[in-house]
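For reference, the structure is listed below as C-alpha cells.
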Amino acid sequence: MNTREARLGAIILCGGGSVRMGRDKALLDWGGVRAVDRVAALARAAGAVEVLTAGRDYGLDWVPDPEDGGGPVGGVLAGVAALRARGCLRALVLAVDAPTLTTEDLAPLLAEEAGATFDVSPVPMVLPLEALPEGAQADWPLRRLVERAGLAVLKCPEEARARLLGANTPQERARLFPDRSGS
C-alpha cells in the first residue's frame, strides 16, 4: 500500500487564546459554526478517518499538549502517538485559525507520497508517521520538524495564500472577505 492510500488521521492544533484576538481562536464564529468544527469537517472531507484536537478539549477527540503553553510540535507529537495507536499511517496537521481552507487547497499536500507542506507556512502539512524524526522534541519550531521529516515544500497557489495564513483579526477577515467589510 502506498502512503497516499494509507489510513489518514488529522491533528488540529488548538493553541487557545489568541494574542491578537484576546479569545480562544477555536471558538471564533464562522457562519454560525465554531472554527474548530469547520476545520474538523474539512479534515473529514479530505479523507481523515480520525480527527482530534491537540491542546484542548472542544468536544472532539483530543490529546493534551505534553507541556502546558508549549509549542505546536508538542501537539503534533501527542497527536501522532494517538493516531498511531488508532492505526493511522499519515497525519494531516491543520491550524484551527485557518478555517477557510478548502479540500482543493489540501489536495497537493495529500498527493505527495513523502508528505508535504506549503512554502508560506508549515501548516497545513501532511506527515507520514514513519517520517517523524527520531528524537523530535516538543519545543522544536514547526519548521525544524518539517526539515527533519524531509517533507516536500510546495509552492502555495496565490489564491490559497490568504486562506492558508488564517483570519483571526478583523483585518485578516477583511482580506479574506472584502465584500463583507471584515465581518
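Just remember, in the C-alpha cells the first chain shown is A, the second B, etc., residues are 1-based per chain, and ligands are 1-based in the order shown.
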Name all residues at most 7 Å from range 26-31 of chain A (count only C-alpha atoms; drop same-chain ones fewer than 3 positions away) and give them as a PyMOL selection string. chain A and resi 14+34-36+96-97
Can you tell me, as a PyMOL selection string, what residues are no more than 6 Å from range 72-84 of chain A when counting only C-alpha atoms, ignoring any on the same chain fewer than 3 positions away? chain A and resi 11+54+65-66+87-88+138+142
Quick one: which range 35-54 of chain A residues come within 12 Å of range 121-130 of chain A, and what is the nearest atom pair for each with the distance in Å to one decimal, counting only C-alpha atoms, rows ordered by chain and ascending number, as a Markdown table?
```
| residue | atom | partner | partner_atom | distance |
| --- | --- | --- | --- | --- |
| A:Val39 | CA | A:Pro124 | CA | 11.0 |
| A:Leu42 | CA | A:Pro124 | CA | 11.7 |
| A:Ala43 | CA | A:Pro124 | CA | 10.6 |
| A:Ala46 | CA | A:Val126 | CA | 11.3 |
| A:Ala48 | CA | A:Val126 | CA | 11.2 |
```
May I have the residues from that selection written out with C-alpha atoms, as an mmCIF file, in the first residue's frame?
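Saved file part39.cif follows:
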```cif
data_model
loop_
_atom_site.group_PDB
_atom_site.id
_atom_site.type_symbol
_atom_site.label_atom_id
_atom_site.label_comp_id
_atom_site.auth_asym_id
_atom_site.auth_seq_id
_atom_site.Cartn_x
_atom_site.Cartn_y
_atom_site.Cartn_z
ATOM 1 C CA VAL A 39 -11.616 22.615 10.483
ATOM 2 C CA LEU A 42 -12.572 19.966 6.388
ATOM 3 C CA ALA A 43 -10.310 17.183 7.686
ATOM 4 C CA ALA A 46 -10.192 15.489 2.919
ATOM 5 C CA ALA A 48 -9.334 11.758 7.549
#
```
Please run DSSP on the backbone and report, as number ranges by chain, all residues within chain A that come out as strand (DSSP E). A: 8-13, 29-30, 33-34, 50-54, 62-63, 90-95, 116-118, 125-128, 152-154
Considering only C-alpha atoms, state which residue in the set A:Ala41, A:Asp119, A:Arg173, A:Arg161 is at the smallest distance from Glu147 in chain A.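 Of A:Ala41, A:Asp119, A:Arg173, A:Arg161, the one nearest Glu147 in chain A, counting only C-alpha atoms, is A:Asp119.
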May I have the residues within 12 Å of Ala111 in chain A as a ChimeraX atom specification, using only C-alpha atoms and disregarding those fewer than 4 positions away in the same chain? /A:2-6,46,90,92,103-107,115-117,125-128,152,154
Kindly export the residues of the current selection with N, CA, C and O atoms, as a PDB file, in the first residue's frame.
```pdb
ATOM      1  N   ASN A   2       0.670   2.157  -0.953  1.00  0.00           N
ATOM      2  CA  ASN A   2       1.470   3.381  -0.930  1.00  0.00           C
ATOM      3  C   ASN A   2       0.886   4.337   0.111  1.00  0.00           C
ATOM      4  O   ASN A   2      -0.225   4.160   0.591  1.00  0.00           O
ATOM      5  N   THR A   3       1.666   5.352   0.457  1.00  0.00           N
ATOM      6  CA  THR A   3       1.248   6.228   1.551  1.00  0.00           C
ATOM      7  C   THR A   3       0.013   7.042   1.214  1.00  0.00           C
ATOM      8  O   THR A   3      -0.726   7.427   2.111  1.00  0.00           O
ATOM      9  N   ARG A   4      -0.228   7.320  -0.076  1.00  0.00           N
ATOM     10  CA  ARG A   4      -1.432   8.069  -0.417  1.00  0.00           C
ATOM     11  C   ARG A   4      -2.693   7.281  -0.106  1.00  0.00           C
ATOM     12  O   ARG A   4      -3.748   7.839   0.103  1.00  0.00           O
ATOM     13  N   GLU A   5      -2.582   5.957  -0.115  1.00  0.00           N
ATOM     14  CA  GLU A   5      -3.732   5.113   0.207  1.00  0.00           C
ATOM     15  C   GLU A   5      -3.778   4.773   1.687  1.00  0.00           C
ATOM     16  O   GLU A   5      -4.710   4.123   2.140  1.00  0.00           O
ATOM     17  N   ALA A   6      -2.776   5.182   2.439  1.00  0.00           N
ATOM     18  CA  ALA A   6      -2.691   4.843   3.860  1.00  0.00           C
ATOM     19  C   ALA A   6      -3.783   5.546   4.650  1.00  0.00           C
ATOM     20  O   ALA A   6      -4.253   6.617   4.280  1.00  0.00           O
ATOM     21  N   ALA A  46     -11.460  15.805   3.582  1.00  0.00           N
ATOM     22  CA  ALA A  46     -10.192  15.489   2.919  1.00  0.00           C
ATOM     23  C   ALA A  46      -9.826  14.013   3.058  1.00  0.00           C
ATOM     24  O   ALA A  46      -8.818  13.578   2.512  1.00  0.00           O
ATOM     25  N   ARG A  90      -0.657   8.248   8.248  1.00  0.00           N
ATOM     26  CA  ARG A  90      -0.367   9.620   7.847  1.00  0.00           C
ATOM     27  C   ARG A  90      -1.182  10.566   8.703  1.00  0.00           C
ATOM     28  O   ARG A  90      -2.283  10.222   9.134  1.00  0.00           O
ATOM     29  N   LEU A  92      -2.691  14.554   8.733  1.00  0.00           N
ATOM     30  CA  LEU A  92      -2.959  15.867   8.168  1.00  0.00           C
ATOM     31  C   LEU A  92      -2.966  16.822   9.355  1.00  0.00           C
ATOM     32  O   LEU A  92      -3.793  16.686  10.250  1.00  0.00           O
ATOM     33  N   THR A 103     -10.796  21.710   0.525  1.00  0.00           N
ATOM     34  CA  THR A 103     -10.192  20.430   0.148  1.00  0.00           C
ATOM     35  C   THR A 103      -9.298  20.603  -1.071  1.00  0.00           C
ATOM     36  O   THR A 103      -8.297  19.904  -1.205  1.00  0.00           O
ATOM     37  N   GLU A 104      -9.630  21.557  -1.944  1.00  0.00           N
ATOM     38  CA  GLU A 104      -8.777  21.825  -3.102  1.00  0.00           C
ATOM     39  C   GLU A 104      -7.420  22.380  -2.665  1.00  0.00           C
ATOM     40  O   GLU A 104      -6.389  22.068  -3.256  1.00  0.00           O
ATOM     41  N   ASP A 105      -7.416  23.194  -1.618  1.00  0.00           N
ATOM     42  CA  ASP A 105      -6.153  23.712  -1.080  1.00  0.00           C
ATOM     43  C   ASP A 105      -5.276  22.566  -0.563  1.00  0.00           C
ATOM     44  O   ASP A 105      -4.050  22.605  -0.681  1.00  0.00           O
ATOM     45  N   LEU A 106      -5.902  21.560   0.031  1.00  0.00           N
ATOM     46  CA  LEU A 106      -5.163  20.459   0.657  1.00  0.00           C
ATOM     47  C   LEU A 106      -4.732  19.385  -0.340  1.00  0.00           C
ATOM     48  O   LEU A 106      -3.801  18.624  -0.052  1.00  0.00           O
ATOM     49  N   ALA A 107      -5.373  19.316  -1.498  1.00  0.00           N
ATOM     50  CA  ALA A 107      -5.118  18.236  -2.454  1.00  0.00           C
ATOM     51  C   ALA A 107      -3.639  18.071  -2.823  1.00  0.00           C
ATOM     52  O   ALA A 107      -3.143  16.937  -2.837  1.00  0.00           O
ATOM     53  N   GLY A 115       4.950  13.172   2.058  1.00  0.00           N
ATOM     54  CA  GLY A 115       4.440  14.225   2.925  1.00  0.00           C
ATOM     55  C   GLY A 115       4.845  15.584   2.406  1.00  0.00           C
ATOM     56  O   GLY A 115       5.794  15.709   1.627  1.00  0.00           O
ATOM     57  N   ALA A 116       4.131  16.625   2.811  1.00  0.00           N
ATOM     58  CA  ALA A 116       4.395  17.947   2.257  1.00  0.00           C
ATOM     59  C   ALA A 116       3.797  19.038   3.121  1.00  0.00           C
ATOM     60  O   ALA A 116       2.937  18.801   3.962  1.00  0.00           O
ATOM     61  N   THR A 117       4.277  20.239   2.854  1.00  0.00           N
ATOM     62  CA  THR A 117       3.744  21.468   3.415  1.00  0.00           C
ATOM     63  C   THR A 117       3.867  22.522   2.324  1.00  0.00           C
ATOM     64  O   THR A 117       4.442  22.262   1.267  1.00  0.00           O
ATOM     65  N   MET A 125       0.103  20.622   6.892  1.00  0.00           N
ATOM     66  CA  MET A 125       1.112  19.686   6.409  1.00  0.00           C
ATOM     67  C   MET A 125       0.523  18.293   6.425  1.00  0.00           C
ATOM     68  O   MET A 125      -0.449  18.028   7.135  1.00  0.00           O
ATOM     69  N   VAL A 126       1.103  17.434   5.609  1.00  0.00           N
ATOM     70  CA  VAL A 126       0.801  16.013   5.651  1.00  0.00           C
ATOM     71  C   VAL A 126       2.093  15.324   6.063  1.00  0.00           C
ATOM     72  O   VAL A 126       3.136  15.521   5.436  1.00  0.00           O
ATOM     73  N   LEU A 127       2.022  14.580   7.144  1.00  0.00           N
ATOM     74  CA  LEU A 127       3.184  13.941   7.734  1.00  0.00           C
ATOM     75  C   LEU A 127       2.985  12.426   7.764  1.00  0.00           C
ATOM     76  O   LEU A 127       2.134  11.940   8.523  1.00  0.00           O
ATOM     77  N   PRO A 128       3.736  11.688   6.922  1.00  0.00           N
ATOM     78  CA  PRO A 128       3.708  10.229   7.098  1.00  0.00           C
ATOM     79  C   PRO A 128       4.284   9.927   8.480  1.00  0.00           C
ATOM     80  O   PRO A 128       5.336  10.462   8.836  1.00  0.00           O
ATOM     81  N   ALA A 152       8.218  17.504   1.494  1.00  0.00           N
ATOM     82  CA  ALA A 152       8.311  18.369   0.322  1.00  0.00           C
ATOM     83  C   ALA A 152       7.722  19.724   0.676  1.00  0.00           C
ATOM     84  O   ALA A 152       6.733  19.805   1.403  1.00  0.00           O
ATOM     85  N   LEU A 154       5.967  22.711  -1.042  1.00  0.00           N
ATOM     86  CA  LEU A 154       5.292  23.035  -2.295  1.00  0.00           C
ATOM     87  C   LEU A 154       5.020  24.525  -2.398  1.00  0.00           C
ATOM     88  O   LEU A 154       4.745  25.180  -1.395  1.00  0.00           O
TER      89      LEU A 154
END
```
One number please: CA of Arg163 in chain A to CA of Asp37 in chain A, in Å, one decimal.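 Rounded to one decimal, the two atoms are 16.5 Å apart.
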Selection near Ala10 in chain A, 8 Å with only C-alpha atoms, sequence-local residues under 3 positions removed, as number ranges by chain: A: 43, 48-52, 91-94
Among listed residues A:Arg38, A:Gly70, A:Leu60, A:Gly32, nearest Gly15 in chain A (using only C-alpha atoms): A:Gly70
Could you pull out the residues in chain A that DSSP calls helix (DSSP H, G or I) from the backbone, as a PyMOL selection string? chain A and resi 3-5+25-27+35-45+72-85+103-111+129-131+142-149+158-165+170-176+178-180
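As for CA of Gly59 in chain A and CA of Arg44 in chain A, they are spaced 15.8 Å apart.
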A:Ala162, A:Leu101, A:Ala136, A:Ala149 ranked by distance to Ala114 in chain A, top pick (using only C-alpha atoms): A:Ala149
Which residue, A:Pro178, A:Pro157, A:Pro141, A:Pro99, has the smallest gap to Lys25 in chain A when you use only C-alpha atoms?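 Comparing A:Pro178, A:Pro157, A:Pro141, A:Pro99 against Lys25 in chain A, the winner is A:Pro99.
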Between CA of Glu158 in chain A and CA of Arg143 in chain A, measure the distance and give it in Å to one decimal.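 If I compute the distance from CA of Glu158 in chain A to CA of Arg143 in chain A, I get 20.9 Å.
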